[in-house]
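A.B. asks: Before we start, here is the structure in question, set down as structure tokens.
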Amino acid sequence: MPQDSFRQLFEQIFPFWTSLEETERDHLCNSSMAFAYKKGETLHDGNECSGVFTVRSGCLRVYIMSEDGKDITLYRLHAGDMCMLSASCVLQTITFDVHVDAEEDSECVVISGPAFAALSERNKDVKIFAQETAISRFSDVMWVMQQILFMSMDKRLAIFLSDEAARLQTNVLTYTHEQIAKYMGSAREVVSRMLKYFANEGIVEVSRKGIKILDKKRLRELTL
């Protein structure tokens with residue numbers, strides 16, 4: 001990906017771009033690389049400052065993992081989204097490790113963590129942007145924790161199915177029960193039981209092809 005393409009991208013996504021010196025813009029572009037990731041590939045394993053990820057296409061999953069290997073999805077990133085939590089050297093107050101995987105074949109631009117961190121130390125607008133980006137994602141994290149701690153499973157599943165159907169603009173979701181369990185921080189068996197209950201109530205139809213939403217009104221009622 002040529003440097004001019006990085007410049008065009010950064011001009012669109014960074015509100016601080018006009019406040020940078022020309023040498024700083026050049027350094028940011030020279031410290032960036034374009035990568036293509038295959039579905040299932042790990043981009044960041046939580047052990048290093050991998051850099052700032054900007055998703056150009058595809059989908060990334062950001063999650064935390066326990067010592068026994070259980071993981072909880074914090075949020076997912078789609079085209080145009082940015083991951084700042086993978087750059088611990090930029091946000092040194094982050095004391096927990098996050099992992100990032102490619103949910104599907106994805107293309108990203110990755111800015112060197114040390115380069116972005118050095119720039120944020122020199123330019124307050126860059127630091128404010130980094131902090132605001134991270135804070136906005138913490139709101140997503142708190143929403144996930146709220147669901148896990150305080151919501152019933154039927155409500156959580158209804159919210160997930162409704163949100164995904166709206167995002168993808170389809171009534172048929174091709175996720176496996178295992179994938180849904182990962183997204184929701186639950187067990188596959190629990191998701192399967194709840195989907196069976198929804199199916200018995202005529203809310204969804206479950207088959208090998210996926211999950212078809214039959215009664216949107218009743219599904220929405222469960223989210224309230």
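By order of appearance in the structure tokens: chains A, B, ..., then residues from 1 within every chain, and ligands from 1 in the order shown.
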Would you list the contacts of range 105-116 of chain A as JSON, numbers by chain, taking every protein, DNA or RNA residue within 10 Å and counting only C-alpha atoms, but skipping same-chain residues closer than 4 positions in sequence?

C.D. replies: {"A": [1, 6, 9, 24, 27, 28, 29, 30, 31, 32, 33, 34, 35, 36, 37, 38, 39, 40, 41, 48, 49, 50, 51, 52, 53, 54, 55, 56, 57, 58, 59, 60, 78, 79, 80, 81, 82, 83, 84, 86, 87, 88, 89, 90, 91, 101, 120, 121, 126, 127, 130]}

A.B. asks: Could you dump the residues just selected with N, CA and C atoms as a compact mmCIF listing (two decimals), in the first residue's frame?

C.D. replies:
```txt
# COMPACT_ATOMS: atom_id res chain seq x y z
N MET A 1 0.86 -1.19 0.00
CA MET A 1 0.00 0.00 0.00
C MET A 1 0.90 1.25 0.00
N PHE A 6 -1.88 5.78 2.59
CA PHE A 6 -1.90 5.96 4.04
C PHE A 6 -2.32 7.40 4.38
N LEU A 9 -6.03 7.85 3.97
CA LEU A 9 -6.76 7.18 5.05
C LEU A 9 -6.65 7.96 6.33
N GLU A 24 6.04 14.91 10.89
CA GLU A 24 5.31 13.96 11.73
C GLU A 24 4.35 13.12 10.89
N HIS A 27 6.46 10.58 9.12
CA HIS A 27 6.92 9.53 10.03
C HIS A 27 5.79 8.55 10.33
N LEU A 28 4.57 9.05 10.51
CA LEU A 28 3.43 8.18 10.79
C LEU A 28 3.15 7.26 9.60
N CYS A 29 3.23 7.81 8.41
CA CYS A 29 3.00 7.00 7.20
C CYS A 29 4.11 5.97 7.02
N ASN A 30 5.35 6.39 7.26
CA ASN A 30 6.48 5.47 7.11
C ASN A 30 6.48 4.38 8.19
N SER A 31 5.76 4.63 9.28
CA SER A 31 5.69 3.67 10.39
C SER A 31 4.45 2.79 10.29
N SER A 32 3.78 2.80 9.14
CA SER A 32 2.55 2.05 8.93
C SER A 32 2.74 0.99 7.86
N MET A 33 1.99 -0.10 8.02
CA MET A 33 2.05 -1.18 7.04
C MET A 33 0.64 -1.73 6.82
N ALA A 34 0.41 -2.23 5.62
CA ALA A 34 -0.86 -2.87 5.30
C ALA A 34 -0.70 -4.38 5.40
N PHE A 35 -1.67 -5.04 6.06
CA PHE A 35 -1.61 -6.48 6.23
C PHE A 35 -2.94 -7.11 5.82
N ALA A 36 -2.85 -8.34 5.34
CA ALA A 36 -4.04 -9.15 5.07
C ALA A 36 -3.99 -10.35 6.00
N TYR A 37 -5.07 -10.58 6.73
CA TYR A 37 -5.13 -11.66 7.70
C TYR A 37 -6.20 -12.68 7.28
N LYS A 38 -5.86 -13.94 7.46
CA LYS A 38 -6.81 -15.01 7.17
C LYS A 38 -7.76 -15.23 8.35
N LYS A 39 -8.93 -15.73 8.07
CA LYS A 39 -9.90 -16.03 9.11
C LYS A 39 -9.28 -16.96 10.15
N GLY A 40 -9.39 -16.59 11.42
CA GLY A 40 -8.85 -17.39 12.51
C GLY A 40 -7.44 -17.02 12.92
N GLU A 41 -6.79 -16.15 12.14
CA GLU A 41 -5.41 -15.77 12.45
C GLU A 41 -5.38 -14.80 13.64
N GLU A 48 2.47 -8.00 23.82
CA GLU A 48 3.36 -6.97 23.30
C GLU A 48 2.55 -5.82 22.74
N CYS A 49 3.26 -4.74 22.40
CA CYS A 49 2.61 -3.58 21.81
C CYS A 49 2.57 -3.77 20.30
N SER A 50 1.50 -4.37 19.81
CA SER A 50 1.42 -4.73 18.39
C SER A 50 1.17 -3.54 17.49
N GLY A 51 0.62 -2.47 18.04
CA GLY A 51 0.35 -1.30 17.24
C GLY A 51 -1.12 -0.94 17.20
N VAL A 52 -1.43 0.11 16.46
CA VAL A 52 -2.80 0.58 16.33
C VAL A 52 -3.38 0.01 15.04
N PHE A 53 -4.45 -0.79 15.18
CA PHE A 53 -5.07 -1.45 14.03
C PHE A 53 -6.24 -0.61 13.50
N THR A 54 -6.26 -0.40 12.19
CA THR A 54 -7.43 0.19 11.54
C THR A 54 -7.95 -0.82 10.52
N VAL A 55 -9.21 -1.18 10.66
CA VAL A 55 -9.81 -2.21 9.80
C VAL A 55 -10.27 -1.58 8.50
N ARG A 56 -9.77 -2.10 7.39
CA ARG A 56 -10.20 -1.62 6.07
C ARG A 56 -11.31 -2.52 5.50
N SER A 57 -11.26 -3.81 5.81
CA SER A 57 -12.31 -4.74 5.41
C SER A 57 -12.26 -5.95 6.34
N GLY A 58 -13.37 -6.66 6.42
CA GLY A 58 -13.42 -7.85 7.27
C GLY A 58 -13.92 -7.54 8.67
N CYS A 59 -13.53 -8.39 9.63
CA CYS A 59 -14.01 -8.26 11.01
C CYS A 59 -12.97 -8.84 11.96
N LEU A 60 -12.68 -8.11 13.03
CA LEU A 60 -11.77 -8.57 14.07
C LEU A 60 -12.54 -8.76 15.37
N HIS A 78 -15.24 -3.64 12.72
CA HIS A 78 -15.56 -3.79 11.31
C HIS A 78 -14.89 -2.67 10.51
N ALA A 79 -15.14 -2.63 9.23
CA ALA A 79 -14.48 -1.65 8.35
C ALA A 79 -14.64 -0.23 8.89
N GLY A 80 -13.51 0.47 9.03
CA GLY A 80 -13.53 1.83 9.54
C GLY A 80 -13.26 1.94 11.03
N ASP A 81 -13.33 0.80 11.75
CA ASP A 81 -13.09 0.80 13.19
C ASP A 81 -11.59 0.74 13.49
N MET A 82 -11.24 1.15 14.70
CA MET A 82 -9.85 1.20 15.11
C MET A 82 -9.69 0.52 16.47
N CYS A 83 -8.58 -0.21 16.64
CA CYS A 83 -8.28 -0.87 17.90
C CYS A 83 -7.07 -0.21 18.54
N MET A 84 -7.31 0.47 19.68
CA MET A 84 -6.23 1.13 20.39
C MET A 84 -5.71 0.25 21.53
N SER A 86 -4.73 -2.68 21.51
CA SER A 86 -3.61 -3.54 21.11
C SER A 86 -2.28 -2.80 21.17
N ALA A 87 -2.33 -1.52 21.51
CA ALA A 87 -1.11 -0.70 21.60
C ALA A 87 -0.91 -0.27 23.04
N SER A 88 -0.49 -1.21 23.88
CA SER A 88 -0.33 -0.93 25.31
C SER A 88 0.73 0.13 25.57
N CYS A 89 1.68 0.30 24.64
CA CYS A 89 2.71 1.31 24.83
C CYS A 89 2.16 2.71 24.61
N VAL A 90 0.99 2.80 23.97
CA VAL A 90 0.34 4.10 23.78
C VAL A 90 -0.50 4.44 25.01
N LEU A 91 -1.23 3.45 25.50
CA LEU A 91 -2.09 3.62 26.68
C LEU A 91 -1.50 2.80 27.82
N ASP A 101 -8.26 -11.48 17.17
CA ASP A 101 -8.26 -12.49 16.11
C ASP A 101 -9.04 -11.96 14.92
N SER A 120 2.12 10.78 20.39
CA SER A 120 1.13 11.20 21.39
C SER A 120 1.77 11.96 22.55
N GLU A 121 3.03 11.65 22.84
CA GLU A 121 3.75 12.37 23.90
C GLU A 121 4.10 13.79 23.47
N VAL A 126 -3.14 14.23 19.72
CA VAL A 126 -3.00 12.80 19.45
C VAL A 126 -3.31 12.01 20.72
N LYS A 127 -2.78 12.47 21.86
CA LYS A 127 -3.03 11.78 23.12
C LYS A 127 -4.51 11.80 23.48
N ALA A 130 -6.31 9.28 21.31
CA ALA A 130 -6.05 7.90 21.76
C ALA A 130 -6.89 7.58 22.99
```

A.B. asks: Would you mind listing what lies within 12 Å of Ser139 in chain A as a ChimeraX atom specification, with only C-alpha atoms counted and same-chain residues fewer than 6 positions away left out?

C.D. replies: /A:74-75,132-133,145-146

A.B. asks: Taking only residues of range 73-165 of chain A that have an atom at most 9 Å from an atom of range 198-218 of chain A, what is each one's shortest atom pair and its distance in Å to one decimal, using only C-alpha atoms, in chain and number order, as JSON lines?

C.D. replies:
```
{"residue": "A:Asp154", "atom": "CA", "partner": "A:Phe198", "partner_atom": "CA", "distance": 8.5}
{"residue": "A:Leu161", "atom": "CA", "partner": "A:Ile213", "partner_atom": "CA", "distance": 8.2}
{"residue": "A:Ser162", "atom": "CA", "partner": "A:Lys216", "partner_atom": "CA", "distance": 7.9}
{"residue": "A:Ala165", "atom": "CA", "partner": "A:Ile213", "partner_atom": "CA", "distance": 8.4}
```

A.B. asks: Okay, now the selection with N, CA and C atoms, as an mmCIF file, in the first residue's frame?

C.D. replies:
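Final output, part-v1.cif:
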```cif
data_model
loop_
_atom_site.group_PDB
_atom_site.id
_atom_site.type_symbol
_atom_site.label_atom_id
_atom_site.label_comp_id
_atom_site.auth_asym_id
_atom_site.auth_seq_id
_atom_site.Cartn_x
_atom_site.Cartn_y
_atom_site.Cartn_z
ATOM 1 N N ASP A 154 -31.977 -15.459 28.287
ATOM 2 C CA ASP A 154 -32.903 -15.278 27.166
ATOM 3 C C ASP A 154 -32.859 -13.844 26.643
ATOM 4 N N LEU A 161 -29.161 -11.661 18.846
ATOM 5 C CA LEU A 161 -29.783 -12.009 17.569
ATOM 6 C C LEU A 161 -30.379 -10.774 16.891
ATOM 7 N N SER A 162 -31.029 -9.912 17.669
ATOM 8 C CA SER A 162 -31.633 -8.703 17.112
ATOM 9 C C SER A 162 -30.575 -7.763 16.555
ATOM 10 N N ALA A 165 -28.965 -9.277 13.361
ATOM 11 C CA ALA A 165 -29.887 -9.238 12.221
ATOM 12 C C ALA A 165 -29.982 -7.825 11.657
#
```

A.B. asks: One decimal, in Å: what's the spacing between CA of Gln179 in chain A and CA of Lys155 in chain A?

C.D. replies: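 That distance, rounded to one decimal, is 17.7 Å.
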
A.B. asks: Please list as a list in words every residue within 9 Å of Leu224 in chain A, counting only C-alpha atoms and excluding residues in the same chain fewer than 3 positions away.

C.D. replies: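 Selected residues are Lys155, Ile159, Arg220 and Glu221 of chain A.
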
A.B. asks: Could you save the residues just selected, with N, CA and C atoms, as a compact mmCIF listing (two decimals), in the first residue's frame?

C.D. replies:
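Writing done, so here's part-v8.txt:
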```
# COMPACT_ATOMS: atom_id res chain seq x y z
N LYS A 155 -32.71 -12.87 27.55
CA LYS A 155 -32.62 -11.48 27.13
C LYS A 155 -31.32 -11.21 26.39
N ILE A 159 -31.02 -10.02 22.49
CA ILE A 159 -30.30 -8.80 22.10
C ILE A 159 -29.26 -9.12 21.04
N ARG A 220 -37.96 -8.89 19.82
CA ARG A 220 -37.73 -7.55 20.35
C ARG A 220 -38.30 -7.43 21.76
N GLU A 221 -39.45 -8.03 22.00
CA GLU A 221 -40.07 -7.97 23.32
C GLU A 221 -39.18 -8.59 24.38
```

A.B. asks: Determine which residues of range 11-80 of chain A receive a DSSP assignment of alpha helix (DSSP H), computed from the backbone, and state them as a ChimeraX atom specification.

C.D. replies: /A:11-13,22-30

A.B. asks: Could the residues in this selection be written to a file with C-alpha atoms, as a PDB file, in the first residue's frame?

C.D. replies:
```pdb
ATOM      1  CA  GLU A  11      -6.634  12.348   6.771  1.00  0.00           C
ATOM      2  CA  GLN A  12     -10.103  10.797   6.918  1.00  0.00           C
ATOM      3  CA  ILE A  13      -9.877   9.029  10.287  1.00  0.00           C
ATOM      4  CA  GLU A  22       4.730  17.562   7.796  1.00  0.00           C
ATOM      5  CA  THR A  23       7.660  15.570   9.192  1.00  0.00           C
ATOM      6  CA  GLU A  24       5.307  13.955  11.734  1.00  0.00           C
ATOM      7  CA  ARG A  25       2.861  13.001   8.998  1.00  0.00           C
ATOM      8  CA  ASP A  26       5.684  11.455   6.994  1.00  0.00           C
ATOM      9  CA  HIS A  27       6.918   9.535  10.033  1.00  0.00           C
ATOM     10  CA  LEU A  28       3.425   8.183  10.786  1.00  0.00           C
ATOM     11  CA  CYS A  29       2.997   7.003   7.201  1.00  0.00           C
ATOM     12  CA  ASN A  30       6.479   5.468   7.110  1.00  0.00           C
TER      13      ASN A  30
END
```

A.B. asks: Find the residues around range 64-70 of chain A up to 7 Å (only C-alpha atoms counted), leave out those fewer than 5 positions away in its own chain, and share them as a VMD selection string.

C.D. replies: chain A and resid 97 to 99

A.B. asks: Create the file for the chosen residues now, containing C-alpha atoms and written as a compact mmCIF listing (two decimals), in the first residue's frame.

C.D. replies:
```
# COMPACT_ATOMS: atom_id res chain seq x y z
CA ASP A 97 -4.13 -8.17 28.19
CA VAL A 98 -6.49 -8.26 25.24
CA HIS A 99 -6.33 -10.65 22.31
```

A.B. asks: What's the separation between CA of Arg167 in chain A and CA of Arg61 in chain A, in Å to one decimal place?

C.D. replies: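 About the pair CA of Arg167 in chain A and CA of Arg61 in chain A: they are 15.7 Å apart.
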
A.B. asks: In Å, how far is it from CA of Ile72 in chain A to CA of Ser186 in chain A?

C.D. replies: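 If I compute the distance from CA of Ile72 in chain A to CA of Ser186 in chain A, I get 8.0 Å.
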
A.B. asks: Please identify which residues in range 1-220 of chain A DSSP calls strand (DSSP E or B) from the backbone, and express them as JSON, numbers by chain.

C.D. replies: {"A": [32, 33, 34, 35, 36, 37, 42, 43, 44, 52, 53, 54, 55, 56, 57, 59, 60, 61, 62, 63, 64, 65, 71, 72, 73, 74, 75, 76, 77, 78, 82, 83, 99, 100, 101, 102, 106, 107, 108, 109, 110, 111, 172, 173, 204, 205, 206, 207, 210, 211, 212, 213]}
